[in-house]
Amino acid sequence: MVCREKGFKMVEMKVFGLFDASEVRVEDPGLKKVVNLSPKLMLKSHGRIKWDPARTKVNAVERLINLLQVPGSRGKKHKIITGWITGKQAKCTKIVIDAFKIIEEKTGENPLKVFVRAIENGAPRDETTTIVMGGSKYPQAVDVSPRRRLNLVLRYFVNGSYDKAFNKKATIVEALAKELMLAAENSGESFAVRKRIDTEKQADAAR
């Protein structure tokens, strides 16, 4: 995408005016249609897109920002509560921008490329569901739809970042940058990669 400035000079549109998305490619065939990285100066859809099938129109970076505000419940015993950050769109946007700057500084790569690799490495392909038959329940392995794969991996990034920053020396910016870099390297230290491996192992056992 290009935009015009005074004097009819053509310039490339960048995400936040900082990161070039034109050179970023999604290699995973299952995620190509759901990972949207369309360049915009301001990633904010104002909550207009609510239904899951339409979420593929929302930029993946914006979805990460939205999940930083409300990542969802992690069970009855979770200690990390993020309701205090609900609605702080500008604050969460700054967290993501600063995290991307750290990634760019440490890796020397376009942070959007690192982000896409992290998505591909952390998105589970199989999971288990519960089948009820004759009054008894048993697990059954199922394939994960592309939209759900993206939903899960973005939530894993946020949950892993909060785990690394909650009552720790690291800030949420540093924790998010570290989580994305580890996932891009397919490292076992990444929360998202560990969750993907555990989920796929459970699915293999239920086949």
# chains A, B, ... in the order shown; residues from 1 in each chain; ligands from 1

call {"tool": "closest_atom_pairs", "arguments": {"of": "segment 86-113 of chain A", "to": "segment 53-62 of chain A", "cutoff": "10 Å", "atoms": "only C-alpha atoms", "output": "tab-separated table"}}
result
residue	atom	partner	partner_atom	distance
A:Gln89	CA	A:Glu62	CA	9.8
A:Cys92	CA	A:Glu62	CA	9.8
A:Thr93	CA	A:Glu62	CA	8.2
A:Val96	CA	A:Val61	CA	8.2
A:Ile97	CA	A:Val61	CA	9.7
A:Leu112	CA	A:Val61	CA	8.7

call {"tool": "residues_around", "arguments": {"residues": "segment 188-204 of chain A", "least_positions_apart": "6", "cutoff": "10 Å", "atoms": "only C-alpha atoms", "output": "PyMOL selection string"}}
result
chain A and resi 118-129+139-143+149+152-161+163-164+178-182

call {"tool": "write_last_selection", "arguments": {"atoms": "C-alpha atoms", "output": "CSV table (one decimal), in the first residue's frame"}}
result
chain,number,residue,atom,x,y,z
A,118,ALA,CA,6.3,-16.8,16.2
A,119,ILE,CA,2.7,-17.3,15.1
A,120,GLU,CA,3.6,-20.1,12.8
A,121,ASN,CA,5.7,-21.9,15.5
A,122,GLY,CA,3.2,-21.4,18.3
A,123,ALA,CA,-0.1,-22.2,16.6
A,124,PRO,CA,-1.3,-25.8,17.4
A,125,ARG,CA,-2.4,-28.0,14.5
A,126,ASP,CA,-4.3,-30.6,16.6
A,127,GLU,CA,-6.1,-30.6,19.9
A,128,THR,CA,-8.7,-32.7,21.8
A,129,THR,CA,-12.4,-32.4,22.3
A,139,PRO,CA,-11.2,-37.4,24.4
A,140,GLN,CA,-11.1,-37.3,20.7
A,141,ALA,CA,-8.3,-35.7,18.6
A,142,VAL,CA,-9.5,-33.0,16.1
A,143,ASP,CA,-7.8,-30.7,13.7
A,149,ARG,CA,-5.1,-21.5,15.6
A,152,LEU,CA,-5.0,-19.6,20.5
A,153,VAL,CA,-1.4,-18.5,19.7
A,154,LEU,CA,-2.2,-14.8,20.3
A,155,ARG,CA,-3.6,-15.7,23.6
A,156,TYR,CA,-0.6,-17.8,24.4
A,157,PHE,CA,1.7,-14.8,23.6
A,158,VAL,CA,-0.1,-12.6,26.1
A,159,ASN,CA,-0.4,-15.2,28.8
A,160,GLY,CA,3.2,-16.1,28.5
A,161,SER,CA,4.2,-12.4,28.7
A,163,ASP,CA,3.7,-14.8,33.4
A,164,LYS,CA,7.2,-13.5,32.8
A,178,LYS,CA,11.3,-12.1,24.8
A,179,GLU,CA,8.2,-14.3,24.3
A,180,LEU,CA,7.9,-13.4,20.6
A,181,MET,CA,11.6,-13.9,19.9
A,182,LEU,CA,11.7,-17.3,21.7

call {"tool": "select_by_dssp", "arguments": {"residues": "segment 104-194 of chain A", "states": "strand (DSSP E)", "output": "PyMOL selection string"}}
result
chain A and resi 126-133+136-143

call {"tool": "select_by_dssp", "arguments": {"residues": "segment 6-202 of chain A", "states": "alpha helix (DSSP H)", "output": "PyMOL selection string"}}
result
chain A and resi 60-69+89-107+111-122+146-165+172-184+191-202

call {"tool": "residues_around", "arguments": {"residues": "Asn110 of chain A", "least_positions_apart": "6", "cutoff": "10 Å", "atoms": "only C-alpha atoms", "output": "list in words"}}
result
Leu18, Phe19, Asp20, Ala21, Glu23, Val24, Phe100, Lys101, Ile103 and Glu104 of chain A

call {"tool": "write_last_selection", "arguments": {"atoms": "C-alpha atoms", "output": "compact mmCIF listing (two decimals), in the first residue's frame"}}
result
# COMPACT_ATOMS: atom_id res chain seq x y z
CA LEU A 18 7.56 2.39 11.63
CA PHE A 19 7.38 -1.22 10.43
CA ASP A 20 7.22 -2.30 6.79
CA ALA A 21 4.67 -5.07 6.18
CA GLU A 23 8.07 -7.73 2.70
CA VAL A 24 6.39 -10.02 5.26
CA PHE A 100 8.72 -4.49 18.46
CA LYS A 101 11.49 -1.89 18.76
CA ILE A 103 12.96 -7.09 18.76
CA GLU A 104 14.29 -4.95 15.90
